[in-house]
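Here is data-v2.txt, consisting of compact mmCIF, C-alpha atoms:
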# COMPACT_ATOMS: atom_id res chain seq x y z
CA MET A 12 214.27 232.91 249.11
CA ILE A 13 213.40 230.35 246.45
CA ALA A 14 213.47 226.74 247.57
CA TYR A 15 214.98 224.48 244.91
CA PRO A 16 214.68 220.72 244.81
CA SER A 17 217.53 219.07 246.63
CA ARG A 18 218.71 217.07 243.56
CA LEU A 19 219.64 219.82 241.17
CA TYR A 20 222.21 218.98 238.57
CA ARG A 21 225.49 220.73 239.05
CA ARG A 22 226.12 223.20 236.28
CA GLY A 23 228.18 221.59 233.57
CA ALA A 24 227.89 218.07 234.96
CA ALA A 25 226.16 215.52 232.75
CA PRO A 26 223.21 213.88 234.56
CA TRP A 27 224.15 210.41 233.29
CA GLY A 28 222.41 208.55 236.08
CA THR A 29 219.10 210.27 235.45
CA LEU A 30 219.53 210.03 231.68
CA PHE A 31 220.11 206.31 231.98
CA GLY A 32 217.07 206.00 234.22
CA THR A 33 214.90 207.90 231.74
CA LEU A 34 216.13 205.78 228.82
CA LEU A 35 215.48 202.61 230.80
CA ALA A 36 211.96 203.78 231.59
CA VAL A 37 211.30 204.61 227.91
CA VAL A 38 212.60 201.21 226.79
CA LEU A 39 210.53 199.40 229.40
CA LEU A 40 207.38 201.36 228.58
CA THR A 41 207.87 200.75 224.85
CA GLY A 42 208.29 197.05 225.60
CA VAL A 43 205.10 197.00 227.63
CA ALA A 44 203.22 198.82 224.86
CA GLY A 45 204.58 196.36 222.29
CA ALA A 46 203.58 193.40 224.43
CA GLN A 47 200.08 194.80 224.77
CA GLU A 48 199.85 195.07 220.99
CA ALA A 49 201.13 191.56 220.43
CA ALA A 50 198.89 189.92 223.03
CA PRO A 51 195.53 188.68 221.83
CA PRO A 52 193.09 191.50 222.45
CA GLY A 53 190.63 190.74 225.14
CA ALA A 54 192.93 188.05 226.54
CA ALA A 55 194.11 189.99 229.56
CA GLY A 56 191.96 192.62 231.17
CA GLY A 57 190.37 193.48 227.84
CA GLY A 58 186.84 194.65 228.27
CA ALA A 59 184.16 195.21 225.69
CA VAL A 60 185.53 198.67 224.93
CA GLU A 61 189.00 197.33 224.19
CA LEU A 62 187.56 194.56 222.04
CA GLU A 63 185.47 197.02 220.02
CA SER A 64 188.44 199.30 219.67
CA ASN A 65 190.50 196.39 218.30
CA VAL A 66 187.69 195.40 215.92
CA PHE A 67 187.61 199.00 214.69
CA GLU A 68 191.38 199.11 214.33
CA ILE A 69 191.43 195.95 212.18
CA GLY A 70 188.34 197.01 210.23
CA ARG A 71 190.02 200.34 209.49
CA GLN A 72 192.80 198.45 207.68
CA LEU A 73 190.46 196.31 205.57
CA ARG A 74 188.67 197.41 202.42
CA CYS A 75 184.93 196.80 202.26
CA PRO A 76 184.52 194.35 199.33
CA THR A 77 181.21 195.76 198.12
CA CYS A 78 181.88 199.47 198.68
CA VAL A 79 183.90 202.11 196.91
CA SER A 80 186.83 203.50 198.91
CA GLN A 81 185.39 202.58 202.29
CA SER A 82 186.90 200.53 205.03
CA VAL A 83 185.15 197.69 206.83
CA ALA A 84 185.11 199.90 209.92
CA ASP A 85 183.37 202.77 208.11
CA SER A 86 180.87 200.87 205.99
CA ASN A 87 177.37 199.91 207.02
CA SER A 88 176.96 197.41 204.19
CA ALA A 89 175.78 193.90 205.10
CA ILE A 90 179.12 192.31 204.23
CA ALA A 91 181.14 194.85 206.23
CA THR A 92 178.84 194.35 209.22
CA GLU A 93 179.33 190.60 208.94
CA MET A 94 183.08 191.01 208.60
CA ARG A 95 183.16 193.08 211.80
CA THR A 96 181.18 190.35 213.56
CA GLU A 97 183.63 187.73 212.33
CA ILE A 98 186.63 189.84 213.37
CA ARG A 99 185.10 190.20 216.84
CA GLU A 100 184.63 186.43 217.09
CA LEU A 101 188.18 185.74 215.89
CA LEU A 102 189.62 188.14 218.48
CA GLN A 103 187.52 186.55 221.19
CA ASP A 104 188.94 183.19 220.09
CA GLY A 105 192.40 184.57 220.83
CA ARG A 106 193.55 185.39 217.30
CA THR A 107 195.95 188.32 217.02
CA GLU A 108 195.50 191.30 214.71
CA ARG A 109 198.21 189.94 212.44
CA GLU A 110 196.44 186.57 212.17
CA VAL A 111 193.09 188.15 211.37
CA LEU A 112 194.63 190.31 208.65
CA ALA A 113 196.45 187.25 207.26
CA LEU A 114 193.16 185.36 207.10
CA TYR A 115 191.53 188.10 205.04
CA ARG A 116 194.58 188.35 202.77
CA GLU A 117 194.29 184.63 202.16
CA ARG A 118 190.69 185.07 201.02
CA TYR A 119 190.89 188.34 199.12
CA GLY A 120 194.59 188.81 198.43
CA ASP A 121 196.46 192.06 199.08
CA TRP A 122 193.54 193.96 197.55
CA ILE A 123 191.70 193.75 200.87
CA LEU A 124 194.34 195.86 202.63
CA LEU A 125 193.76 199.59 202.40
CA GLU A 126 197.46 200.23 202.94
CA PRO A 127 199.85 198.19 200.79
CA PRO A 128 201.97 195.89 202.98
CA ARG A 129 205.59 196.92 203.50
CA GLU A 130 207.03 193.86 201.76
CA GLY A 131 207.89 192.49 198.34
CA ILE A 132 206.78 194.45 195.29
CA HIS A 133 204.61 196.68 197.52
CA LEU A 134 207.76 198.27 198.92
CA LEU A 135 207.97 200.19 195.64
CA VAL A 136 204.84 202.12 196.57
CA TRP A 137 206.52 203.29 199.75
CA ALA A 138 210.01 203.76 198.34
CA LEU A 139 209.26 205.46 195.01
CA PRO A 140 208.03 208.79 196.41
CA ALA A 141 211.16 209.07 198.61
CA ILE A 142 213.38 208.10 195.67
CA ALA A 143 211.61 210.65 193.43
CA VAL A 144 212.05 213.43 196.01
CA GLY A 145 215.72 212.45 196.47
CA LEU A 146 216.32 212.50 192.72
CA GLY A 147 214.54 215.84 192.41
CA VAL A 148 216.67 217.43 195.16
CA ALA A 149 219.84 215.96 193.64
CA ALA A 150 218.89 217.30 190.20
CA LEU A 151 218.16 220.73 191.68
CA VAL A 152 221.50 220.86 193.52
CA LEU A 153 223.32 219.73 190.38
CA LEU A 154 221.63 222.40 188.28
CA MET A 155 222.34 225.11 190.85
CA VAL A 156 226.03 224.15 190.98
CA ARG A 157 226.18 224.20 187.18
CA TRP A 158 224.46 227.56 186.93
CA THR A 159 226.75 229.11 189.57
CA ARG A 160 229.86 227.75 187.88
CA ALA A 161 228.69 228.95 184.49
CA SER A 162 227.99 232.48 185.71
CA ARG A 163 231.40 232.64 187.45
CA ALA A 164 233.18 231.39 184.35
CA ALA A 165 231.30 233.90 182.22
CA ALA A 166 232.32 236.69 184.59
CA ARG A 167 235.95 235.60 184.39
CA GLU A 168 236.00 235.27 180.64
CA ALA A 169 234.09 238.45 179.77
CA PRO A 170 236.40 241.35 178.65
CA PRO A 171 236.24 244.35 181.01
CA ASP A 172 234.15 247.27 179.92
CA PRO A 173 236.65 250.05 178.96
CA ALA A 174 234.45 252.83 180.38
CA GLN A 175 234.03 250.98 183.69
CA LEU A 176 237.76 250.26 183.80
CA ALA A 177 238.53 253.93 183.31
CA ARG A 178 236.14 254.91 186.07
CA VAL A 179 237.73 252.44 188.51
CA ARG A 180 241.21 253.73 187.64
CA ALA A 181 240.10 257.31 188.13
CA GLU A 182 238.59 256.45 191.50
CA LEU A 183 241.78 254.68 192.58
CA ALA A 184 243.85 257.64 191.48
CA GLY A 185 241.50 259.96 193.40
CA ASP A 186 241.91 257.82 196.50
CA ALA A 187 245.69 258.05 196.27
CA ASN A 188 245.56 261.85 195.90
CA ALA A 189 243.20 262.23 198.81
CA ALA A 190 245.50 260.14 201.00
CA SER A 191 248.54 262.26 200.16
CA ASP A 192 246.55 265.52 200.70
CA ALA A 193 245.58 264.52 204.23
CA PRO A 194 248.69 264.70 206.48
CA ASP A 195 246.73 263.83 209.65
CA ALA A 196 245.35 260.65 208.22
CA ALA A 197 246.44 257.58 210.12
CA PRO A 198 248.71 255.28 208.11
CA GLY A 199 246.77 252.55 206.34
CA LYS A 200 243.45 254.19 207.00
CA ARG A 201 241.32 254.85 203.93
CA ALA A 202 240.09 258.39 203.39
CA ASP A 203 236.37 258.91 203.34
CA ARG A 204 235.03 259.67 199.97
CA MET B 30 220.82 219.28 170.87
CA LYS B 31 221.21 216.82 173.72
CA ARG B 32 218.98 218.97 175.94
CA LEU B 33 216.33 219.10 173.22
CA ALA B 34 216.40 215.28 172.97
CA ILE B 35 215.94 214.92 176.75
CA VAL B 36 213.06 217.41 176.83
CA THR B 37 211.41 215.63 173.86
CA VAL B 38 211.72 212.19 175.48
CA VAL B 39 210.36 213.38 178.85
CA THR B 40 207.47 215.26 177.20
CA ALA B 41 206.61 212.25 175.03
CA ALA B 42 206.69 209.94 178.07
CA LEU B 43 204.41 212.21 180.10
CA GLY B 44 202.09 212.71 177.11
CA GLY B 45 201.95 208.94 176.57
CA LEU B 46 201.04 208.39 180.21
CA PHE B 47 198.34 211.03 179.99
CA LEU B 48 196.90 209.46 176.82
CA PHE B 49 196.99 206.00 178.40
CA GLY B 50 194.98 207.35 181.32
CA LEU B 51 192.46 208.94 178.98
CA LEU B 52 192.03 206.02 176.62
CA ARG B 53 192.13 203.00 178.91
CA GLY B 54 188.44 203.40 179.78
CA ALA B 55 186.92 202.23 183.06
CA PRO B 56 189.34 200.38 185.31
CA ASP B 57 188.89 196.62 185.40
CA ARG B 58 186.72 195.87 188.42
CA ASP B 59 186.89 192.10 187.97
CA ILE B 60 189.64 191.49 190.48
CA GLN B 61 191.26 188.10 190.22
CA SER B 62 190.34 185.79 193.05
CA ALA B 63 192.98 185.02 195.65
CA ARG B 64 191.44 181.54 195.80
CA LEU B 65 192.52 180.54 192.29
CA ASN B 66 194.35 177.20 192.15
CA ARG B 67 193.84 176.79 195.89
CA PRO B 68 191.36 174.54 197.68
CA ALA B 69 187.80 175.84 197.68
CA PRO B 70 186.37 176.39 201.16
CA THR B 71 184.15 173.55 202.26
CA PHE B 72 180.73 174.20 203.73
CA GLU B 73 177.65 172.59 205.16
CA LEU B 74 174.63 174.87 204.83
CA PRO B 75 170.85 174.46 205.08
CA LEU B 76 169.00 173.69 201.87
CA TYR B 77 165.69 175.00 200.64
CA ALA B 78 162.91 172.49 201.28
CA ARG B 79 162.46 171.44 197.66
CA TYR B 80 165.97 169.91 197.59
CA GLN B 81 165.85 168.23 200.99
CA ALA B 82 164.28 165.01 199.73
CA GLU B 83 167.35 164.37 197.58
CA PHE B 84 170.17 165.82 199.73
CA GLY B 85 168.82 166.00 203.30
CA PRO B 86 168.40 169.16 205.40
CA THR B 87 171.91 170.42 204.63
CA LEU B 88 174.34 170.22 201.76
CA ASP B 89 177.86 169.15 202.71
CA SER B 90 180.33 170.19 200.01
CA SER B 91 183.02 167.86 201.32
CA GLU B 92 180.91 164.97 200.00
CA ILE B 93 181.11 166.43 196.49
CA LEU B 94 184.61 167.91 196.36
CA GLY B 95 187.20 165.45 195.19
CA GLN B 96 184.62 163.45 193.24
CA ARG B 97 183.45 165.77 190.49
CA PRO B 98 183.73 169.39 189.42
CA MET B 99 181.51 171.91 191.13
CA ILE B 100 180.05 175.25 190.07
CA VAL B 101 179.19 177.51 193.01
CA ASN B 102 176.94 180.43 192.12
CA PHE B 103 176.36 183.19 194.68
CA TRP B 104 173.12 185.13 194.30
CA ALA B 105 170.68 187.31 196.21
CA SER B 106 166.97 187.94 195.75
CA TRP B 107 167.52 191.71 195.39
CA CYS B 108 170.20 191.33 192.71
CA GLY B 109 169.08 192.19 189.17
CA PRO B 110 171.89 190.46 187.26
CA CYS B 111 171.16 187.28 189.26
CA TYR B 112 167.74 187.14 187.54
CA GLU B 113 169.47 187.58 184.15
CA GLU B 114 171.82 184.63 184.62
CA ALA B 115 169.45 182.21 186.39
CA PRO B 116 167.88 180.74 183.18
CA ASP B 117 171.36 180.10 181.73
CA LEU B 118 172.47 178.37 184.91
CA GLN B 119 169.35 176.23 184.89
CA GLU B 120 169.92 175.28 181.24
CA ALA B 121 173.58 174.48 181.89
CA TRP B 122 172.57 172.29 184.84
CA ARG B 123 169.99 170.52 182.66
CA ARG B 124 172.71 169.71 180.12
CA HIS B 125 175.65 168.92 182.42
CA GLY B 126 174.15 168.32 185.88
CA ASP B 127 174.96 164.61 185.67
CA ARG B 128 178.74 165.21 185.64
CA VAL B 129 179.12 168.62 187.24
CA GLN B 130 177.65 169.57 190.60
CA PHE B 131 175.86 172.92 190.49
CA VAL B 132 175.24 174.69 193.81
CA GLY B 133 173.39 177.96 194.28
CA VAL B 134 174.18 180.01 197.38
CA GLN B 135 171.80 182.71 198.53
CA THR B 136 174.04 185.25 200.23
CA GLN B 137 174.02 188.88 201.42
CA ASP B 138 170.30 188.38 201.79
CA ARG B 139 169.76 187.83 205.53
CA GLY B 140 166.35 186.49 206.48
CA LYS B 141 164.91 186.73 202.96
CA ARG B 142 163.63 183.14 202.76
CA THR B 143 160.33 183.99 201.10
CA GLU B 144 162.07 186.09 198.45
CA GLY B 145 164.68 183.36 197.98
CA ARG B 146 162.00 180.72 197.53
CA ALA B 147 160.23 182.95 194.99
CA PHE B 148 163.50 183.37 193.08
CA ILE B 149 164.06 179.61 192.94
CA ASP B 150 160.45 178.93 191.93
CA GLN B 151 160.50 181.64 189.25
CA PHE B 152 163.26 179.81 187.34
CA ASP B 153 162.40 176.35 188.64
CA LEU B 154 166.02 175.83 189.58
CA GLY B 155 166.76 172.11 189.61
CA PHE B 156 170.18 172.26 191.27
CA PRO B 157 170.44 172.55 195.08
CA ASN B 158 170.35 176.02 196.59
CA VAL B 159 171.68 176.65 200.08
CA ILE B 160 171.17 179.57 202.45
CA ASP B 161 174.24 181.55 203.54
CA ASP B 162 172.29 183.72 205.93
CA ASP B 163 175.26 185.45 207.58
CA SER B 164 177.24 185.70 204.30
CA ARG B 165 180.14 183.87 205.91
CA LEU B 166 180.60 181.47 203.01
CA GLY B 167 180.71 184.42 200.61
CA ILE B 168 183.40 186.06 202.73
CA GLU B 169 185.32 182.79 202.92
CA TYR B 170 185.29 182.51 199.16
CA GLY B 171 186.58 186.09 198.95
CA MET B 172 183.43 187.23 197.17
CA PHE B 173 183.04 190.91 196.32
CA GLY B 174 179.39 191.09 195.33
CA VAL B 175 176.58 189.17 193.68
CA PRO B 176 176.41 187.44 191.32
CA GLU B 177 179.72 185.65 191.42
CA THR B 178 180.41 182.14 190.19
CA PHE B 179 183.30 179.89 191.17
CA PHE B 180 184.33 176.95 188.99
CA VAL B 181 185.92 174.24 191.14
CA ARG B 182 187.93 171.33 189.72
CA SER B 183 187.21 167.79 190.77
CA ASP B 184 190.34 167.89 192.95
CA GLY B 185 188.69 170.66 194.96
CA THR B 186 190.81 173.58 193.73
CA VAL B 187 189.31 176.75 192.28
CA MET B 188 189.89 177.01 188.54
CA TYR B 189 188.13 180.28 187.76
CA LYS B 190 185.97 182.96 189.30
CA HIS B 191 183.53 185.06 187.30
CA ALA B 192 182.17 188.32 188.68
CA GLY B 193 178.86 189.40 187.19
CA PRO B 194 176.18 187.40 185.36
CA VAL B 195 177.33 184.25 183.57
CA THR B 196 176.10 183.21 180.12
CA LEU B 197 175.37 179.74 178.82
CA GLU B 198 178.28 179.95 176.36
CA MET B 199 180.67 180.90 179.09
CA ILE B 200 179.47 178.11 181.39
CA GLU B 201 179.82 175.60 178.53
CA GLU B 202 183.36 176.77 177.87
CA LYS B 203 184.36 176.51 181.53
CA ILE B 204 182.71 173.10 181.93
CA ALA B 205 184.76 171.87 178.98
CA GLU B 206 187.89 173.07 180.78
CA LEU B 207 186.74 171.55 184.08
CA THR B 208 185.98 168.14 182.62
CA SER B 209 189.07 167.96 180.40
CA SER B 210 191.52 168.68 183.20
The structure in this file should be written as structure tokens.
Amino acid sequence: MIAYPSRLYRRGAAPWGTLFGTLLAVVLLTGVAGAQEAAPPGAAGGGAVELESNVFEIGRQLRCPTCVSQSVADSNSAIATEMRTEIRELLQDGRTEREVLALYRERYGDWILLEPPREGIHLLVWALPAIAVGLGVAALVLLMVRWTRASRAAAREAPPDPAQLARVRAELAGDANAASDAPDAAPGKRADR
Amino acid sequence: MKRLAIVTVVTAALGGLFLFGLLRGAPDRDIQSARLNRPAPTFELPLYARYQAEFGPTLDSSEILGQRPMIVNFWASWCGPCYEEAPDLQEAWRRHGDRVQFVGVQTQDRGKRTEGRAFIDQFDLGFPNVIDDDSRLGIEYGMFGVPETFFVRSDGTVMYKHAGPVTLEMIEEKIAELTSS
């Protein structure tokens, strides 16, 4: 005999209590994760590994000023190395990731960010692809509706082919004859051709 | 007819975009400084020995800013274009050094004191040159590479940044702007 856990949900009954508990746990965990992100790295329980990981995370978002298409985290140039050192010092001083990024934006402008910020004119960069896809889908649907309507209208308006019409009439007549020739056929049932 | 017009317009637009991409040449790499019209970062950095008799062991920019315009030139001993522009900077300093403060900053050149001294001696640079050993001042100015020159108004705000070697004509033109404003 299989032993089931004692708290099985009754079939058909919504496990609201457990659902609520799960949602609460998710919300609380998300809150804790958010708080960890917002707190100055290295401030609470942050070891050298966490600090380096935060330096890398910020460096990954910054463009190396003297390189081509490389982030501060990836580049070994002198300036990128120095920027990583400065980021490390700023984090140790208690600055948050947002503050460090703001400092570099103040010096270099938005150019320094590898990903355009989601604000102001930069929103266009994020919104345009979605708008373009939306417009493309809308245009496609519109065209398909037009094409379907046009083909239906053409079918309605086209005069019937006399030869085809004659064949259909002959087949209908044949059906009627076959029905009358079969006395055992059930009423309403079509004869097999 | 209407469809033909739409197709023509779209094709012309795409063709125009394509041509623009082909004909515009190399993209402009001289990115405008985020420091323009904002206060220039202040600094106090060690000076090369030949300037210490006049200025002391360090140069404090806060003693200059707010009194007269300043031209801050970032250079490195390994940088070819820095050698091209050095004679023009020296000549500009000789002509206008009495009313504009010229400052050379050796940056992105960690530990290269001997090479830096040789650079200064080669052009007999009369204006003070400081050592930005960890390149922090360069980063604070939002510098991309060497050479770069910042033209700072007497009120301490950055008027213009030039990336690449400067020429005497260009320095003259910018000094005229600096001193007239």
(message) Within 7 Å of chain A, which residues belong to chain B? Use all atoms listed in the file and report them as number ranges by chain.
(response) B: 62-64, 137, 163-164, 169-171, 173-174
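Computed from the coordinates, the CA of His191 in chain B to CA of Ile168 in chain B distance equals 15.5 Å.
Counting from CA of Thr71 in chain B, the distance to CA of Phe103 in chain B is 14.5 Å.
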(request) To one decimal in Å, tell me the separation between CA of Val101 in chain B and CA of Val111 in chain A. (result) 25.4 Å
